[in-house]
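Quick look at start_33.cif (mmCIF, C-alpha atoms):
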```cif
data_target
loop_
_atom_site.group_PDB
_atom_site.id
_atom_site.type_symbol
_atom_site.label_atom_id
_atom_site.label_comp_id
_atom_site.auth_asym_id
_atom_site.auth_seq_id
_atom_site.Cartn_x
_atom_site.Cartn_y
_atom_site.Cartn_z
ATOM 1 C CA MET A 1 0.000 0.000 0.000
ATOM 2 C CA LYS A 2 1.618 3.220 -1.149
ATOM 3 C CA LEU A 3 -1.126 5.478 0.173
ATOM 4 C CA PRO A 4 0.192 8.545 2.066
ATOM 5 C CA VAL A 5 -0.505 8.466 5.811
ATOM 6 C CA SER A 6 -0.173 11.153 8.482
ATOM 7 C CA PHE A 7 -0.441 11.126 12.271
ATOM 8 C CA GLU A 8 -1.863 13.566 14.792
ATOM 9 C CA PHE A 9 -0.454 14.117 18.287
ATOM 10 C CA PHE A 10 -1.406 16.434 21.132
ATOM 11 C CA PRO A 11 1.206 18.402 23.098
ATOM 12 C CA PRO A 12 2.238 16.532 26.267
ATOM 13 C CA LYS A 13 1.672 18.293 29.599
ATOM 14 C CA THR A 14 4.584 16.798 31.581
ATOM 15 C CA PRO A 15 8.248 15.887 30.975
ATOM 16 C CA GLU A 16 7.247 12.192 31.306
ATOM 17 C CA GLY A 17 4.561 12.709 28.677
ATOM 18 C CA ALA A 18 7.104 14.332 26.362
ATOM 19 C CA GLU A 19 9.482 11.356 26.796
ATOM 20 C CA LYS A 20 6.686 8.888 26.124
ATOM 21 C CA LEU A 21 5.569 10.791 23.016
ATOM 22 C CA ARG A 22 9.144 10.855 21.717
ATOM 23 C CA ALA A 23 9.228 7.037 21.870
ATOM 24 C CA VAL A 24 5.775 6.791 20.244
ATOM 25 C CA ARG A 25 6.891 9.047 17.384
ATOM 26 C CA GLN A 26 9.955 6.910 16.715
ATOM 27 C CA GLN A 27 7.737 3.823 16.433
ATOM 28 C CA LEU A 28 5.357 5.573 14.052
ATOM 29 C CA TYR A 29 8.117 7.073 11.881
ATOM 30 C CA ALA A 30 8.840 3.504 10.772
ATOM 31 C CA LEU A 31 5.556 3.782 8.817
ATOM 32 C CA ARG A 32 6.980 6.730 6.837
ATOM 33 C CA PRO A 33 4.309 9.381 7.421
ATOM 34 C CA GLU A 34 3.925 12.214 4.923
ATOM 35 C CA PHE A 35 3.690 14.556 7.945
ATOM 36 C CA CYS A 36 2.732 14.623 11.629
ATOM 37 C CA SER A 37 0.360 17.257 13.024
ATOM 38 C CA VAL A 38 0.134 18.678 16.540
ATOM 39 C CA THR A 39 -3.101 19.982 18.072
ATOM 40 C CA TYR A 40 -3.772 23.328 19.718
ATOM 41 C CA GLY A 41 -5.806 23.832 22.912
ATOM 42 C CA ALA A 42 -8.940 25.964 23.263
ATOM 43 C CA GLY A 43 -8.115 29.613 22.689
ATOM 44 C CA GLY A 44 -4.509 28.664 21.828
ATOM 45 C CA SER A 45 -3.961 27.528 25.428
ATOM 46 C CA THR A 46 -1.285 24.990 24.500
ATOM 47 C CA GLN A 47 0.522 27.151 21.966
ATOM 48 C CA GLU A 48 3.916 26.844 23.649
ATOM 49 C CA GLY A 49 3.603 23.054 23.918
ATOM 50 C CA THR A 50 2.292 22.812 20.364
ATOM 51 C CA PHE A 51 5.190 24.766 18.869
ATOM 52 C CA ALA A 52 7.726 22.854 21.014
ATOM 53 C CA THR A 53 6.356 19.490 19.805
ATOM 54 C CA VAL A 54 6.283 20.712 16.188
ATOM 55 C CA GLY A 55 9.923 21.796 16.565
ATOM 56 C CA ALA A 56 10.896 18.394 17.985
ATOM 57 C CA ILE A 57 9.292 16.582 15.025
ATOM 58 C CA ILE A 58 11.119 18.814 12.524
ATOM 59 C CA ASP A 59 14.398 18.178 14.411
ATOM 60 C CA GLU A 60 13.722 14.435 13.988
ATOM 61 C CA GLY A 61 13.673 14.936 10.222
ATOM 62 C CA VAL A 62 9.913 14.597 9.682
ATOM 63 C CA SER A 63 7.561 17.179 8.167
ATOM 64 C CA ALA A 64 5.347 18.718 10.883
ATOM 65 C CA ALA A 65 2.030 20.532 10.590
ATOM 66 C CA SER A 66 0.950 22.884 13.358
ATOM 67 C CA HIS A 67 -2.714 23.211 14.217
ATOM 68 C CA PHE A 68 -3.516 26.897 14.231
ATOM 69 C CA SER A 69 -6.741 28.249 15.691
ATOM 70 C CA CYS A 70 -7.926 31.842 15.518
ATOM 71 C CA ILE A 71 -10.566 32.303 18.225
ATOM 72 C CA GLY A 72 -9.574 35.267 20.367
ATOM 73 C CA ALA A 73 -6.572 36.031 18.136
ATOM 74 C CA THR A 74 -5.693 39.393 16.628
ATOM 75 C CA LYS A 75 -4.175 39.936 13.195
ATOM 76 C CA ALA A 76 -0.987 41.087 14.917
ATOM 77 C CA SER A 77 -0.741 37.939 17.074
ATOM 78 C CA VAL A 78 -1.424 35.664 14.098
ATOM 79 C CA ARG A 79 1.147 37.506 11.985
ATOM 80 C CA GLU A 80 3.745 36.992 14.725
ATOM 81 C CA GLN A 81 2.941 33.274 15.156
ATOM 82 C CA LEU A 82 3.087 32.677 11.395
ATOM 83 C CA ALA A 83 6.536 34.275 11.302
ATOM 84 C CA THR A 84 7.643 32.045 14.212
ATOM 85 C CA LEU A 85 6.402 28.889 12.474
ATOM 86 C CA LYS A 86 7.928 29.851 9.144
ATOM 87 C CA GLY A 87 11.244 30.500 10.928
ATOM 88 C CA MET A 88 11.055 27.005 12.456
ATOM 89 C CA GLY A 89 10.728 25.466 8.996
ATOM 90 C CA VAL A 90 7.030 24.591 9.219
ATOM 91 C CA GLN A 91 5.445 24.294 5.771
ATOM 92 C CA ARG A 92 1.990 22.979 6.638
ATOM 93 C CA LEU A 93 -0.773 24.382 8.845
ATOM 94 C CA VAL A 94 -4.110 22.958 9.953
ATOM 95 C CA ALA A 95 -6.218 26.137 10.057
ATOM 96 C CA LEU A 96 -9.167 25.968 12.448
ATOM 97 C CA ARG A 97 -11.593 28.303 14.097
ATOM 98 C CA GLY A 98 -10.843 26.500 17.356
ATOM 99 C CA ASP A 99 -12.866 25.894 20.503
ATOM 100 C CA LEU A 100 -13.931 28.768 22.691
ATOM 101 C CA PRO A 101 -12.389 28.628 26.150
ATOM 102 C CA SER A 102 -15.187 28.359 28.729
ATOM 103 C CA GLY A 103 -16.716 31.671 29.768
ATOM 104 C CA TYR A 104 -15.361 33.335 26.638
ATOM 105 C CA GLY A 105 -17.331 35.706 24.396
ATOM 106 C CA ALA A 106 -16.863 35.809 20.622
ATOM 107 C CA GLY A 107 -14.037 38.389 20.706
ATOM 108 C CA GLY A 108 -11.020 38.582 18.459
ATOM 109 C CA GLU A 109 -10.616 39.631 14.860
ATOM 110 C CA PHE A 110 -11.431 36.248 13.307
ATOM 111 C CA HIS A 111 -14.865 34.672 13.516
ATOM 112 C CA TYR A 112 -14.514 31.738 11.124
ATOM 113 C CA ALA A 113 -11.740 29.450 9.924
ATOM 114 C CA SER A 114 -12.298 30.892 6.426
ATOM 115 C CA ASP A 115 -11.228 34.335 7.770
ATOM 116 C CA LEU A 116 -8.008 32.778 9.054
ATOM 117 C CA VAL A 117 -7.309 30.918 5.782
ATOM 118 C CA ALA A 118 -7.831 34.106 3.750
ATOM 119 C CA PHE A 119 -5.555 36.072 6.120
ATOM 120 C CA ILE A 120 -2.742 33.478 5.961
ATOM 121 C CA ARG A 121 -2.911 33.475 2.155
ATOM 122 C CA ALA A 122 -2.900 37.285 1.969
ATOM 123 C CA GLU A 123 0.031 37.583 4.398
ATOM 124 C CA MET A 124 2.169 34.595 3.451
ATOM 125 C CA GLY A 125 1.264 33.772 -0.147
ATOM 126 C CA ASP A 126 1.998 30.103 -0.800
ATOM 127 C CA ASP A 127 4.520 29.679 2.033
ATOM 128 C CA PHE A 128 2.211 27.199 3.779
ATOM 129 C CA HIS A 129 0.189 24.212 2.649
ATOM 130 C CA ILE A 130 -3.133 24.880 4.421
ATOM 131 C CA GLU A 131 -5.317 22.038 5.684
ATOM 132 C CA VAL A 132 -8.849 22.699 6.912
ATOM 133 C CA ALA A 133 -11.329 20.542 8.837
ATOM 134 C CA ALA A 134 -14.299 18.778 7.232
ATOM 135 C CA TYR A 135 -17.304 17.221 8.973
ATOM 136 C CA PRO A 136 -18.883 14.285 7.091
ATOM 137 C CA GLU A 137 -21.503 13.970 9.865
ATOM 138 C CA VAL A 138 -22.070 17.760 10.089
ATOM 139 C CA HIS A 139 -20.339 20.137 12.519
ATOM 140 C CA PRO A 140 -22.120 20.022 15.904
ATOM 141 C CA GLN A 141 -22.701 23.798 15.804
ATOM 142 C CA ALA A 142 -23.855 24.011 12.177
ATOM 143 C CA LYS A 143 -27.352 25.358 11.521
ATOM 144 C CA SER A 144 -27.961 22.664 8.889
ATOM 145 C CA PRO A 145 -26.062 20.183 6.689
ATOM 146 C CA ALA A 146 -26.350 22.614 3.752
ATOM 147 C CA ALA A 147 -24.944 25.490 5.839
ATOM 148 C CA ASP A 148 -22.078 23.261 6.984
ATOM 149 C CA LEU A 149 -21.175 22.311 3.403
ATOM 150 C CA GLN A 150 -21.328 25.948 2.389
ATOM 151 C CA ALA A 151 -18.968 26.870 5.250
ATOM 152 C CA PHE A 152 -16.577 24.151 4.054
ATOM 153 C CA ALA A 153 -16.709 25.442 0.461
ATOM 154 C CA THR A 154 -16.000 28.980 1.749
ATOM 155 C CA LYS A 155 -12.827 27.766 3.542
ATOM 156 C CA VAL A 156 -11.664 26.072 0.353
ATOM 157 C CA LYS A 157 -12.331 29.151 -1.786
ATOM 158 C CA ALA A 158 -10.377 31.221 0.773
ATOM 159 C CA GLY A 159 -7.281 29.217 -0.158
ATOM 160 C CA ALA A 160 -7.176 25.783 1.518
ATOM 161 C CA ASN A 161 -5.049 23.126 -0.221
ATOM 162 C CA SER A 162 -6.621 20.046 1.352
ATOM 163 C CA ALA A 163 -8.946 18.953 4.141
ATOM 164 C CA ILE A 164 -8.898 16.396 6.950
ATOM 165 C CA THR A 165 -12.201 15.052 8.246
ATOM 166 C CA GLN A 166 -13.508 14.562 11.737
ATOM 167 C CA TYR A 167 -13.363 10.821 12.456
ATOM 168 C CA PHE A 168 -16.328 8.643 11.480
ATOM 169 C CA TYR A 169 -17.196 4.936 11.399
ATOM 170 C CA ASN A 170 -19.739 5.091 8.588
ATOM 171 C CA SER A 171 -17.993 5.373 5.232
ATOM 172 C CA ASP A 172 -21.249 6.394 3.479
ATOM 173 C CA ALA A 173 -21.189 9.687 5.408
ATOM 174 C CA TYR A 174 -17.726 10.428 4.018
ATOM 175 C CA PHE A 175 -18.574 9.483 0.425
ATOM 176 C CA ARG A 176 -21.768 11.547 0.508
ATOM 177 C CA PHE A 177 -19.917 14.568 1.939
ATOM 178 C CA VAL A 178 -17.227 14.416 -0.759
ATOM 179 C CA ASP A 179 -19.863 14.096 -3.521
ATOM 180 C CA ASP A 180 -21.871 17.013 -2.163
ATOM 181 C CA ALA A 181 -18.727 19.151 -1.822
ATOM 182 C CA HIS A 182 -17.808 18.342 -5.460
ATOM 183 C CA LYS A 183 -21.210 19.649 -6.551
ATOM 184 C CA LEU A 184 -20.297 22.965 -4.898
ATOM 185 C CA GLY A 185 -17.087 23.084 -6.925
ATOM 186 C CA VAL A 186 -14.742 21.845 -4.187
ATOM 187 C CA ASP A 187 -11.906 19.932 -5.825
ATOM 188 C CA ILE A 188 -9.234 19.683 -3.095
ATOM 189 C CA PRO A 189 -8.306 16.308 -1.559
ATOM 190 C CA VAL A 190 -10.528 15.429 1.429
ATOM 191 C CA VAL A 191 -8.511 13.058 3.627
ATOM 192 C CA PRO A 192 -10.460 10.797 6.015
ATOM 193 C CA GLY A 193 -9.530 11.188 9.682
ATOM 194 C CA ILE A 194 -9.250 7.769 11.341
ATOM 195 C CA MET A 195 -9.710 7.179 15.081
ATOM 196 C CA PRO A 196 -8.496 3.740 16.255
ATOM 197 C CA ILE A 197 -10.756 2.198 18.918
ATOM 198 C CA THR A 198 -8.789 1.224 22.019
ATOM 199 C CA SER A 199 -11.089 2.281 24.871
ATOM 200 C CA SER A 200 -14.870 2.427 24.842
ATOM 201 C CA SER A 201 -15.364 5.022 27.595
ATOM 202 C CA GLN A 202 -12.910 7.441 25.992
ATOM 203 C CA LEU A 203 -14.451 7.002 22.545
ATOM 204 C CA LEU A 204 -18.023 7.500 23.791
ATOM 205 C CA ARG A 205 -17.008 10.628 25.715
ATOM 206 C CA PHE A 206 -15.148 12.126 22.757
ATOM 207 C CA SER A 207 -17.853 11.351 20.265
ATOM 208 C CA ASP A 208 -20.563 12.954 22.365
ATOM 209 C CA ALA A 209 -18.396 16.074 22.609
ATOM 210 C CA CYS A 210 -17.467 16.427 18.937
ATOM 211 C CA GLY A 211 -20.601 15.163 17.203
ATOM 212 C CA ALA A 212 -19.039 12.039 15.642
ATOM 213 C CA GLU A 213 -21.584 9.252 15.313
ATOM 214 C CA ILE A 214 -20.800 5.821 16.720
ATOM 215 C CA PRO A 215 -23.108 3.395 14.883
ATOM 216 C CA ARG A 216 -25.471 1.646 17.274
ATOM 217 C CA TRP A 217 -24.072 -1.824 16.567
ATOM 218 C CA ILE A 218 -20.542 -0.655 17.475
ATOM 219 C CA ARG A 219 -21.763 1.154 20.604
ATOM 220 C CA LEU A 220 -23.676 -1.921 21.816
ATOM 221 C CA ARG A 221 -20.762 -4.269 21.197
ATOM 222 C CA LEU A 222 -18.387 -1.949 23.092
ATOM 223 C CA GLN A 223 -20.816 -1.690 26.007
ATOM 224 C CA ALA A 224 -21.254 -5.465 26.060
ATOM 225 C CA TYR A 225 -17.490 -5.987 26.432
ATOM 226 C CA GLY A 226 -17.569 -3.972 29.679
ATOM 227 C CA ASP A 227 -14.043 -3.870 31.113
ATOM 228 C CA ASP A 228 -12.679 -6.575 28.809
ATOM 229 C CA VAL A 229 -9.906 -4.433 27.310
ATOM 230 C CA ALA A 230 -8.481 -7.220 25.115
ATOM 231 C CA SER A 231 -11.841 -7.824 23.418
ATOM 232 C CA ILE A 232 -12.420 -4.089 22.916
ATOM 233 C CA LYS A 233 -9.007 -3.753 21.244
ATOM 234 C CA THR A 234 -9.510 -6.801 19.011
ATOM 235 C CA PHE A 235 -12.965 -5.644 17.966
ATOM 236 C CA GLY A 236 -11.708 -2.067 17.449
ATOM 237 C CA LEU A 237 -8.884 -3.249 15.181
ATOM 238 C CA GLU A 238 -11.294 -5.255 13.022
ATOM 239 C CA VAL A 239 -13.802 -2.404 12.697
ATOM 240 C CA VAL A 240 -11.261 0.296 11.890
ATOM 241 C CA THR A 241 -9.167 -1.876 9.531
ATOM 242 C CA ASP A 242 -12.354 -2.740 7.633
ATOM 243 C CA LEU A 243 -13.311 0.945 7.443
ATOM 244 C CA CYS A 244 -9.854 1.834 6.061
ATOM 245 C CA ASP A 245 -10.163 -1.005 3.530
ATOM 246 C CA GLN A 246 -13.439 0.433 2.229
ATOM 247 C CA LEU A 247 -11.918 3.906 1.968
ATOM 248 C CA ILE A 248 -8.759 2.709 0.213
ATOM 249 C CA SER A 249 -10.805 0.620 -2.245
ATOM 250 C CA ALA A 250 -12.782 3.743 -3.107
ATOM 251 C CA GLY A 251 -9.561 5.642 -3.867
ATOM 252 C CA VAL A 252 -9.192 8.119 -0.984
ATOM 253 C CA PRO A 253 -6.173 10.442 -1.347
ATOM 254 C CA ALA A 254 -4.577 9.546 2.033
ATOM 255 C CA LEU A 255 -5.397 8.498 5.629
ATOM 256 C CA HIS A 256 -4.865 10.696 8.708
ATOM 257 C CA PHE A 257 -4.693 8.890 12.069
ATOM 258 C CA TYR A 258 -5.742 10.423 15.387
ATOM 259 C CA THR A 259 -3.141 8.532 17.424
ATOM 260 C CA MET A 260 -4.027 9.867 20.912
ATOM 261 C CA ASN A 261 -0.227 9.792 21.476
ATOM 262 C CA GLN A 262 -0.209 5.971 21.225
ATOM 263 C CA SER A 263 1.449 3.884 18.517
ATOM 264 C CA ALA A 264 0.183 0.297 18.901
ATOM 265 C CA ALA A 265 -3.294 0.501 17.314
ATOM 266 C CA THR A 266 -2.260 2.703 14.373
ATOM 267 C CA THR A 267 0.757 0.486 13.662
ATOM 268 C CA GLU A 268 -1.356 -2.677 13.788
ATOM 269 C CA ILE A 269 -4.038 -1.254 11.473
ATOM 270 C CA LEU A 270 -1.483 -0.151 8.893
ATOM 271 C CA GLN A 271 0.337 -3.487 9.046
ATOM 272 C CA ARG A 272 -2.948 -5.286 8.402
ATOM 273 C CA LEU A 273 -3.706 -2.995 5.455
ATOM 274 C CA ARG A 274 -0.264 -3.482 3.940
#
```

Any chance you could give the structure as structure tokens?
Amino acid sequence: MKLPVSFEFFPPKTPEGAEKLRAVRQQLYALRPEFCSVTYGAGGSTQEGTFATVGAIIDEGVSAASHFSCIGATKASVREQLATLKGMGVQRLVALRGDLPSGYGAGGEFHYASDLVAFIRAEMGDDFHIEVAAYPEVHPQAKSPAADLQAFATKVKAGANSAITQYFYNSDAYFRFVDDAHKLGVDIPVVPGIMPITSSSQLLRFSDACGAEIPRWIRLRLQAYGDDVASIKTFGLEVVTDLCDQLISAGVPALHFYTMNQSAATTEILQRLR
């Protein structure tokens, strides 16, 4: 399988976490990722950790993409951060509106990810490859599926090069989203985001928060396994490998793995696919 793959990490909060993530990255580099991305906390709260992790990945000889959110940001602060990232050798950004920190009004000079994409393009030209987010099962805050698609098309027209989706377990949702986006004139690659299943409680909590649908049959199976971690992992590997198989057969441009700073499940899935 020569399909490009990429991996997402989140910035570790402790020195032990940073050590552990360094080991995880080394294991995953064996799979030759096209790039690795690093997430950004609500309101840019992890910016220092994000940039430090991005710098470490670049130092290890791998292309790194920094998540970059604009809620609460000013044009001056964004301009400064873009200069910092460019100076570090970053060539790829994942441009997001970002989550509002709790108790936060809608301040700042950017209201939508499309504003940020347009600003980066105007300021930096083609210095960065810009990724944006896509929601095959509709963004949880969207007024309607049509409005969500329109918002996606607006980000692309503002200058995005490619998109990475929220994770999903129903490939039809992805295929439908891509078809509908095509009808709006969107022609950039839309890369499926893949979330390995290693823990049922974590997955259920995440999915409720971000609006990703866990099909009822998967939810019931996970609940039935209770605390049987081995069965959950075996079942999760089968489900996610099968999903990736369907996507690859349909000719997706790449796969992007939400690793949760772990290497075992992603490695196993890719070995099975190869």

Name the residues in contact with Ser6 of chain A at a cut-off of 7 Å, using all atoms listed in the file, excluding same-chain residues fewer than 6 positions from it; report them as a list in words. Pro33, Glu34, Phe35, Cys36, Leu255, His256 and Phe257 of chain A

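Nearest residue to Leu82 of chain A among A:Glu238, A:Asp227, A:Glu213, A:Asp127 is A:Asp127, counting all atoms listed in the file.
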
For this structure, which residues satisfy the selection - the PyMOL selection byres ((chain A and resi 181) around 12) - when it is evaluated on the file as given? I want them as a PyMOL selection string. chain A and resi 134-136+145-157+163+174-180+182-190

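The residue that comes closest to Pro192 of chain A, out of A:Ala118, A:Cys244, A:Ala65, A:Met124 and on the basis of all atoms listed in the file, is A:Cys244.
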
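Taking atom CA of Asp59 of chain A as the reference point, atom CA of Leu93 of chain A is found at 17.3 Å.
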
What residues come out when you apply the PyMOL selection byres ((chain A and resi 236) around 9) to this file, written as JSON, numbers by chain? {"A": [196, 197, 198, 199, 218, 222, 231, 232, 233, 234, 235, 237, 238, 239, 240, 241, 265]}

Step by step, work through what the PyMOL selection byres ((chain A and resi 258) around 10) selects in the shown file, and finish by giving those residues as a PyMOL selection string. chain A and resi 6-10+37+166-167+193-196+255-257+259-262+266

For the residues in the current selection, export C-alpha atoms as a compact mmCIF listing (two decimals), in the frame of the given file.
```txt
# COMPACT_ATOMS: atom_id res chain seq x y z
CA SER A 6 -0.17 11.15 8.48
CA PHE A 7 -0.44 11.13 12.27
CA GLU A 8 -1.86 13.57 14.79
CA PHE A 9 -0.45 14.12 18.29
CA PHE A 10 -1.41 16.43 21.13
CA SER A 37 0.36 17.26 13.02
CA GLN A 166 -13.51 14.56 11.74
CA TYR A 167 -13.36 10.82 12.46
CA GLY A 193 -9.53 11.19 9.68
CA ILE A 194 -9.25 7.77 11.34
CA MET A 195 -9.71 7.18 15.08
CA PRO A 196 -8.50 3.74 16.26
CA LEU A 255 -5.40 8.50 5.63
CA HIS A 256 -4.86 10.70 8.71
CA PHE A 257 -4.69 8.89 12.07
CA THR A 259 -3.14 8.53 17.42
CA MET A 260 -4.03 9.87 20.91
CA ASN A 261 -0.23 9.79 21.48
CA GLN A 262 -0.21 5.97 21.22
CA THR A 266 -2.26 2.70 14.37
```

Which protein, DNA or RNA residues have an atom at most 7 Å from (-9.1, 38.8, 11.7), counting only C-alpha atoms? List them as number ranges by chain. A: 74-75, 109-110, 115-116

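Minimum atom-to-atom distance to Ile71 of chain A, evaluated using only C-alpha atoms, belongs to A:Gly41 out of A:Pro12, A:Gly159, A:Gly89, A:Gly41.
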
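Between Ser77 of chain A and the candidates A:Gly108, A:Thr50, A:Val94, A:Leu273, the tightest atom-to-atom separation, counting all atoms listed in the file, involves A:Gly108.
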
Long-range neighbours of Tyr169 of chain A as a VMD selection string, 7 Å cut-off, all atoms listed in the file, 2 positions minimum in chain: chain A and resid 171 214 243

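If you measure from each of A:Asp99, A:Glu123, A:Glu16, A:Asp245 to Cys70 of chain A using all atoms listed in the file, the closest one turns out to be A:Asp99.
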
Using the atoms already present, construct N, CA and C atoms for segment 48-62 of chain A and hand them back as a PDB file, in the frame of the given file.
```
ATOM      1  N   GLU A  48       2.499  27.101  23.372  1.00  0.00           N
ATOM      2  CA  GLU A  48       3.916  26.844  23.649  1.00  0.00           C
ATOM      3  C   GLU A  48       4.247  25.363  23.462  1.00  0.00           C
ATOM      4  N   GLY A  49       3.390  24.497  24.041  1.00  0.00           N
ATOM      5  CA  GLY A  49       3.603  23.054  23.918  1.00  0.00           C
ATOM      6  C   GLY A  49       3.462  22.575  22.483  1.00  0.00           C
ATOM      7  N   THR A  50       2.508  23.181  21.772  1.00  0.00           N
ATOM      8  CA  THR A  50       2.292  22.812  20.364  1.00  0.00           C
ATOM      9  C   THR A  50       3.543  23.122  19.548  1.00  0.00           C
ATOM     10  N   PHE A  51       4.029  24.362  19.667  1.00  0.00           N
ATOM     11  CA  PHE A  51       5.190  24.766  18.869  1.00  0.00           C
ATOM     12  C   PHE A  51       6.432  23.958  19.265  1.00  0.00           C
ATOM     13  N   ALA A  52       6.569  23.646  20.567  1.00  0.00           N
ATOM     14  CA  ALA A  52       7.726  22.854  21.014  1.00  0.00           C
ATOM     15  C   ALA A  52       7.688  21.449  20.403  1.00  0.00           C
ATOM     16  N   THR A  53       6.493  20.849  20.371  1.00  0.00           N
ATOM     17  CA  THR A  53       6.356  19.490  19.805  1.00  0.00           C
ATOM     18  C   THR A  53       6.588  19.516  18.296  1.00  0.00           C
ATOM     19  N   VAL A  54       6.060  20.547  17.634  1.00  0.00           N
ATOM     20  CA  VAL A  54       6.283  20.712  16.188  1.00  0.00           C
ATOM     21  C   VAL A  54       7.790  20.826  15.914  1.00  0.00           C
ATOM     22  N   GLY A  55       8.477  21.626  16.731  1.00  0.00           N
ATOM     23  CA  GLY A  55       9.923  21.796  16.565  1.00  0.00           C
ATOM     24  C   GLY A  55      10.679  20.492  16.749  1.00  0.00           C
ATOM     25  N   ALA A  56      10.238  19.686  17.734  1.00  0.00           N
ATOM     26  CA  ALA A  56      10.896  18.394  17.985  1.00  0.00           C
ATOM     27  C   ALA A  56      10.737  17.457  16.784  1.00  0.00           C
ATOM     28  N   ILE A  57       9.550  17.452  16.184  1.00  0.00           N
ATOM     29  CA  ILE A  57       9.292  16.582  15.025  1.00  0.00           C
ATOM     30  C   ILE A  57      10.178  17.001  13.848  1.00  0.00           C
ATOM     31  N   ILE A  58      10.264  18.319  13.616  1.00  0.00           N
ATOM     32  CA  ILE A  58      11.119  18.814  12.524  1.00  0.00           C
ATOM     33  C   ILE A  58      12.583  18.428  12.781  1.00  0.00           C
ATOM     34  N   ASP A  59      13.022  18.558  14.050  1.00  0.00           N
ATOM     35  CA  ASP A  59      14.398  18.178  14.411  1.00  0.00           C
ATOM     36  C   ASP A  59      14.654  16.696  14.156  1.00  0.00           C
ATOM     37  N   GLU A  60      13.586  15.883  14.231  1.00  0.00           N
ATOM     38  CA  GLU A  60      13.722  14.435  13.988  1.00  0.00           C
ATOM     39  C   GLU A  60      13.663  14.104  12.495  1.00  0.00           C
ATOM     40  N   GLY A  61      13.594  15.154  11.667  1.00  0.00           N
ATOM     41  CA  GLY A  61      13.673  14.936  10.222  1.00  0.00           C
ATOM     42  C   GLY A  61      12.349  14.608   9.557  1.00  0.00           C
ATOM     43  N   VAL A  62      11.240  14.904  10.235  1.00  0.00           N
ATOM     44  CA  VAL A  62       9.913  14.597   9.682  1.00  0.00           C
ATOM     45  C   VAL A  62       9.150  15.909   9.484  1.00  0.00           C
TER      46      VAL A  62
END
```
